Protein chains: 2
Amino acid sequence: MAEYSIGLDLGGTNLRAAAIDRSGTILDKVSGSTKFSAGREAVIADMVQAISQVRDQHGPSGLAGIGIGVPGFIQLKEGIVLNSNNLPFLEDYPIRDEMQRRLGTVVILENDANAAALGEKWMGAGREVDDLVLLTLGTGIGGGIISGGRVLRGFAGMAGELGHITVAPNGNPCGCGNQGCVEKHASATAVTAMARMLHLGDEVTSKDLDRMAQRDDEAGHKAREIWRVMGESLGITLAMLINTFNFPLYLLSGGMLPAWEFFAPAMLRTVEQRSATYRLTHGATRIEQATLGNEAGLYGAAYLPWVEKEKQGG
Amino acid sequence: MAEYSIGLDLGGTNLRAAAIDRSGTILDKVSGSTKFSAGREAVIADMVQAISQVRDQHGPSGLAGIGIGVPGFIQLKEGIVLNSNNLPFLEDYPIRDEMQRRLGTVVILENDANAAALGEKWMGAGREVDDLVLLTLGTGIGGGIISGGRVLRGFAGMAGELGHITVAPNGNPCGCGNQGCVEKHASATAVTAMARMLHLGDEVTSKDLDRMAQRDDEAGHKAREIWRVMGESLGITLAMLINTFNFPLYLLSGGMLPAWEFFAPAMLRTVEQRSATYRLTHGATRIEQATLGNEAGLYGAAYLPWVEKEKQGG
């Protein structure tokens, strides 16, 4: 039987697991069924259930390993999530060890955005480079850095917290303690907050704002202005990342990508203005849309065991 | 004869070369004698002269290689300096190839701050880690990133332009095209500009400001306020770097270090407030003074050939 790996992506509201072979073909995919409001024990049981189901299907002999992507600040050595706005019930709990105990095998834990970046490197928009940065634009903003083909993890496993890059030192307060984090100025939460302030409606979503921006009226004008401001915040962040890394590729993913036509012009103009490195590399620095969508985290989680093996020369 | 390497550090106003052995002992050190105002040909002749003098002294047989650190945005593959505020006469000139031609041997070019970071990793404050970031606080602010024991160069060789991280999106305009670069808010040039604005004198240097801050009068109060603001700008920058890299060590070097007691408290307070990663690592993230001073660039330049050899498994 051909070698395969199992990836599990724990999102903010649901979980999915997949068996993927070495060539990147998804052999099988299952979704969890538990509401996260049911709490930790229910979600862990659901994670174990999803992984077990896939493993039973494909047998233990070809299994290269199991990778799990979870949101939050991860303490890698200890295998615990320290801070997670989305899944507070996982905080300070030895999730990796508990999963290993229940599954009876090694599990690799990774931050969800790091896993998504690795997925894009393996099978997505980053296939042809070894170095890239991914920003995931959702209710928050996550970041993943791939350096030399591997996740840049930092000594505690917390590298890539790019949603907390400061774009406005006196800007909106963030749960992380900082003010003016890009996540508070360019996430879906941020653009819908701007929409409320501009009286575009209290229940407006970022999808609504995308549709609104296509209209030729007052609301359309306001919506385009919001996307422009959002694009500038992203641009400041990207300029800083480009000046820091001089990587060839910066990817954006997440639910706000459909509004690309409205925020990208301001974003790229800001990068052009604020990053000499960008200008000096004459178009060789690319800022593009990720291509794997929701699957990026699944691919990346599944790829983790193979990266680990390569690292050990196995 | 024991193996040795030659490093040359091209500063903003002078050049120095040294022969250093594999254990980090400086065998010999010479300074250039040419005024940089004499122009490119004179400076290149002086560089060749300094290196040749050291090489003649120690013989060609033990020479591991020659490394050169220069200020500016370096295009690594081409071996040219694209942008250099300090040495405009070197811009767009094939400095590496010309040095190789005149010396008749391979020369490795590197950005000066990158070289300094590598020097600190080899023989200075970073000896015990493989991952660190260095900020050089001078008339400008330079940056060097060491990841996995090697300089993080980026695809064109321009990584680590940390002086151009934005700390105030609408702040002081910078020659790089950006506004509010940390180099415009926390360099020696920036603090002396603040001193002029606060009527502390038109010829005040950062050293004067350090002395002034120790006084218990109106000028002392203003000087301490300047260092506090400068420390906050550095703190915003460091918080971003810590959130991005989660490295164990961040070093500061340069002519403003003597004022550490005046800017460090505000800097550390800002980092503590703005970086959840810093807080979550409970003191394991260190922000410290570099220890090699002016010699860091020399050490790093000399170490370059050995790093290259290790990379090639030689």
# chains A, B, ... in the order shown; residues from 1 in each chain; ligands from 1
$ select_by_dssp --residues "stretch 42-86 of chain B" --states "alpha helix (DSSP H)" --output "MDAnalysis selection string"
chainID B and resid 42:58
$ write_last_selection --atoms "C-alpha atoms" --output "JSON list (two decimals), in the first residue's frame"
[["chain", "number", "residue", "atom", "x", "y", "z"],
["B", 42, "ALA", "CA", 40.70, 55.67, -4.41],
["B", 43, "VAL", "CA", 38.53, 53.69, -2.01],
["B", 44, "ILE", "CA", 38.73, 50.51, -4.07],
["B", 45, "ALA", "CA", 42.50, 50.83, -4.31],
["B", 46, "ASP", "CA", 42.56, 51.30, -0.55],
["B", 47, "MET", "CA", 40.42, 48.19, 0.03],
["B", 48, "VAL", "CA", 42.68, 46.11, -2.20],
["B", 49, "GLN", "CA", 45.72, 47.54, -0.47],
["B", 50, "ALA", "CA", 44.42, 46.71, 3.03],
["B", 51, "ILE", "CA", 43.50, 43.15, 2.10],
["B", 52, "SER", "CA", 46.74, 42.55, 0.20],
["B", 53, "GLN", "CA", 48.78, 43.79, 3.11],
["B", 54, "VAL", "CA", 47.15, 41.32, 5.48],
["B", 55, "ARG", "CA", 47.37, 38.49, 2.96],
["B", 56, "ASP", "CA", 51.05, 39.10, 2.29],
["B", 57, "GLN", "CA", 51.67, 39.02, 6.00],
["B", 58, "HIS", "CA", 50.04, 35.63, 6.53]]
$ interface_residues --of "chain B" --to "chain A" --cutoff "6 Å" --atoms "only C-alpha atoms" --output "list in words"
Gly154, Phe155, Met158, Ala159, Gly160, Glu161, Leu162, Ile165, Cys176, Gly177, Asn178, Met240, Asn243, Thr244, Phe245, Asn246, Phe247, Gln273, Arg274 and Ala276 of chain B
$ write_last_selection --atoms "N, CA and C atoms" --output "PDB file, in the first residue's frame"
ATOM      1  N   GLY B 154      17.435  36.398   1.799  1.00  0.00           N
ATOM      2  CA  GLY B 154      16.379  36.659   0.826  1.00  0.00           C
ATOM      3  C   GLY B 154      16.860  36.326  -0.564  1.00  0.00           C
ATOM      4  N   PHE B 155      15.934  36.340  -1.527  1.00  0.00           N
ATOM      5  CA  PHE B 155      16.301  35.837  -2.853  1.00  0.00           C
ATOM      6  C   PHE B 155      17.240  36.765  -3.596  1.00  0.00           C
ATOM      7  N   MET B 158      18.685  41.024  -0.067  1.00  0.00           N
ATOM      8  CA  MET B 158      18.302  42.292   0.572  1.00  0.00           C
ATOM      9  C   MET B 158      17.530  42.119   1.875  1.00  0.00           C
ATOM     10  N   ALA B 159      17.441  40.921   2.402  1.00  0.00           N
ATOM     11  CA  ALA B 159      16.685  40.737   3.643  1.00  0.00           C
ATOM     12  C   ALA B 159      17.319  41.530   4.786  1.00  0.00           C
ATOM     13  N   GLY B 160      16.531  41.764   5.820  1.00  0.00           N
ATOM     14  CA  GLY B 160      17.052  42.417   7.011  1.00  0.00           C
ATOM     15  C   GLY B 160      17.140  43.926   6.933  1.00  0.00           C
ATOM     16  N   GLU B 161      16.375  44.539   6.023  1.00  0.00           N
ATOM     17  CA  GLU B 161      16.362  46.011   5.972  1.00  0.00           C
ATOM     18  C   GLU B 161      15.418  46.530   7.060  1.00  0.00           C
ATOM     19  N   LEU B 162      15.819  46.274   8.311  1.00  0.00           N
ATOM     20  CA  LEU B 162      14.921  46.500   9.436  1.00  0.00           C
ATOM     21  C   LEU B 162      14.826  47.969   9.829  1.00  0.00           C
ATOM     22  N   ILE B 165      11.418  49.389   8.791  1.00  0.00           N
ATOM     23  CA  ILE B 165      10.143  48.968   9.377  1.00  0.00           C
ATOM     24  C   ILE B 165       9.377  50.221   9.786  1.00  0.00           C
ATOM     25  N   CYS B 176      13.906  56.098   1.513  1.00  0.00           N
ATOM     26  CA  CYS B 176      13.500  54.838   0.864  1.00  0.00           C
ATOM     27  C   CYS B 176      12.125  54.954   0.222  1.00  0.00           C
ATOM     28  N   GLY B 177      11.428  56.084   0.456  1.00  0.00           N
ATOM     29  CA  GLY B 177      10.099  56.255  -0.112  1.00  0.00           C
ATOM     30  C   GLY B 177       8.989  56.076   0.906  1.00  0.00           C
ATOM     31  N   ASN B 178       9.314  55.420   2.008  1.00  0.00           N
ATOM     32  CA  ASN B 178       8.340  55.168   3.068  1.00  0.00           C
ATOM     33  C   ASN B 178       8.221  56.391   3.977  1.00  0.00           C
ATOM     34  N   MET B 240       7.302  43.791  16.810  1.00  0.00           N
ATOM     35  CA  MET B 240       6.993  43.195  15.506  1.00  0.00           C
ATOM     36  C   MET B 240       7.938  42.058  15.175  1.00  0.00           C
ATOM     37  N   ASN B 243       7.138  39.045  17.347  1.00  0.00           N
ATOM     38  CA  ASN B 243       5.914  38.378  16.874  1.00  0.00           C
ATOM     39  C   ASN B 243       6.157  37.630  15.574  1.00  0.00           C
ATOM     40  N   THR B 244       7.063  38.151  14.765  1.00  0.00           N
ATOM     41  CA  THR B 244       7.331  37.538  13.463  1.00  0.00           C
ATOM     42  C   THR B 244       8.249  36.330  13.589  1.00  0.00           C
ATOM     43  N   PHE B 245       9.348  36.474  14.345  1.00  0.00           N
ATOM     44  CA  PHE B 245      10.383  35.438  14.357  1.00  0.00           C
ATOM     45  C   PHE B 245      10.329  34.503  15.567  1.00  0.00           C
ATOM     46  N   ASN B 246       9.882  34.992  16.690  1.00  0.00           N
ATOM     47  CA  ASN B 246       9.958  34.203  17.928  1.00  0.00           C
ATOM     48  C   ASN B 246      11.368  33.637  18.126  1.00  0.00           C
ATOM     49  N   PHE B 247      12.366  34.455  17.812  1.00  0.00           N
ATOM     50  CA  PHE B 247      13.757  34.065  18.067  1.00  0.00           C
ATOM     51  C   PHE B 247      14.081  34.303  19.545  1.00  0.00           C
ATOM     52  N   GLN B 273       4.260  45.398  26.449  1.00  0.00           N
ATOM     53  CA  GLN B 273       2.856  45.726  26.187  1.00  0.00           C
ATOM     54  C   GLN B 273       2.401  45.222  24.825  1.00  0.00           C
ATOM     55  N   ARG B 274       3.271  45.359  23.823  1.00  0.00           N
ATOM     56  CA  ARG B 274       2.834  45.151  22.435  1.00  0.00           C
ATOM     57  C   ARG B 274       3.067  43.748  21.891  1.00  0.00           C
ATOM     58  N   ALA B 276       2.510  39.833  22.634  1.00  0.00           N
ATOM     59  CA  ALA B 276       2.019  38.703  23.430  1.00  0.00           C
ATOM     60  C   ALA B 276       3.070  37.586  23.436  1.00  0.00           C
TER      61      ALA B 276
END
$ residues_around --residues "A:Ala301" --least-positions-apart "5" --cutoff "8 Å" --atoms "only C-alpha atoms" --output "list in words"
Ile6, Gly7, Leu8, Asp9, Ile66, Gly67, Ile68, Gly69, Glu110, Ala115, Ala116, Leu118 and Gly119 of chain A
$ atom_distance --atom1 "atom CA of B:Pro173" --atom2 "atom CA of B:His185"
10.2 Å
$ decode --residues "stretch 181-199 of chain A" --atoms "N, CA and C atoms" --output "JSON list (two decimals), in the first residue's frame"
[["chain", "number", "residue", "atom", "x", "y", "z"],
["A", 181, "CYS", "N", -2.84, 46.58, 15.71],
["A", 181, "CYS", "CA", -2.47, 45.37, 14.99],
["A", 181, "CYS", "C", -3.19, 45.35, 13.63],
["A", 182, "VAL", "N", -2.52, 44.82, 12.61],
["A", 182, "VAL", "CA", -3.14, 44.76, 11.29],
["A", 182, "VAL", "C", -4.45, 43.97, 11.36],
["A", 183, "GLU", "N", -4.52, 43.02, 12.25],
["A", 183, "GLU", "CA", -5.75, 42.24, 12.43],
["A", 183, "GLU", "C", -6.92, 43.11, 12.88],
["A", 184, "LYS", "N", -6.62, 44.24, 13.52],
["A", 184, "LYS", "CA", -7.68, 45.15, 13.95],
["A", 184, "LYS", "C", -7.99, 46.20, 12.89],
["A", 185, "HIS", "N", -7.26, 46.16, 11.76],
["A", 185, "HIS", "CA", -7.48, 47.17, 10.73],
["A", 185, "HIS", "C", -7.75, 46.57, 9.35],
["A", 186, "ALA", "N", -7.55, 45.25, 9.21],
["A", 186, "ALA", "CA", -7.71, 44.69, 7.87],
["A", 186, "ALA", "C", -8.39, 43.32, 7.84],
["A", 187, "SER", "N", -8.88, 42.86, 8.99],
["A", 187, "SER", "CA", -9.59, 41.57, 9.01],
["A", 187, "SER", "C", -11.07, 41.78, 8.65],
["A", 188, "ALA", "N", -11.79, 40.68, 8.51],
["A", 188, "ALA", "CA", -13.23, 40.78, 8.26],
["A", 188, "ALA", "C", -13.91, 41.53, 9.41],
["A", 189, "THR", "N", -13.47, 41.26, 10.63],
["A", 189, "THR", "CA", -14.01, 41.96, 11.79],
["A", 189, "THR", "C", -13.78, 43.46, 11.67],
["A", 190, "ALA", "N", -12.59, 43.82, 11.19],
["A", 190, "ALA", "CA", -12.24, 45.24, 11.07],
["A", 190, "ALA", "C", -13.06, 45.93, 9.99],
["A", 191, "VAL", "N", -13.21, 45.29, 8.82],
["A", 191, "VAL", "CA", -13.97, 45.98, 7.76],
["A", 191, "VAL", "C", -15.45, 46.08, 8.11],
["A", 192, "THR", "N", -16.00, 45.07, 8.80],
["A", 192, "THR", "CA", -17.41, 45.19, 9.17],
["A", 192, "THR", "C", -17.60, 46.23, 10.28],
["A", 193, "ALA", "N", -16.58, 46.40, 11.14],
["A", 193, "ALA", "CA", -16.65, 47.47, 12.15],
["A", 193, "ALA", "C", -16.64, 48.83, 11.46],
["A", 194, "MET", "N", -15.80, 48.97, 10.43],
["A", 194, "MET", "CA", -15.78, 50.22, 9.67],
["A", 194, "MET", "C", -17.13, 50.46, 9.01],
["A", 195, "ALA", "N", -17.73, 49.38, 8.50],
["A", 195, "ALA", "CA", -19.04, 49.51, 7.85],
["A", 195, "ALA", "C", -20.09, 50.02, 8.83],
["A", 196, "ARG", "N", -20.04, 49.54, 10.06],
["A", 196, "ARG", "CA", -20.98, 50.03, 11.08],
["A", 196, "ARG", "C", -20.75, 51.51, 11.36],
["A", 197, "MET", "N", -19.47, 51.87, 11.46],
["A", 197, "MET", "CA", -19.17, 53.28, 11.75],
["A", 197, "MET", "C", -19.63, 54.20, 10.63],
["A", 198, "LEU", "N", -19.62, 53.68, 9.41],
["A", 198, "LEU", "CA", -20.06, 54.50, 8.26],
["A", 198, "LEU", "C", -21.54, 54.30, 7.96],
["A", 199, "HIS", "N", -22.27, 53.70, 8.93],
["A", 199, "HIS", "CA", -23.73, 53.52, 8.82],
["A", 199, "HIS", "C", -24.13, 52.70, 7.61]]
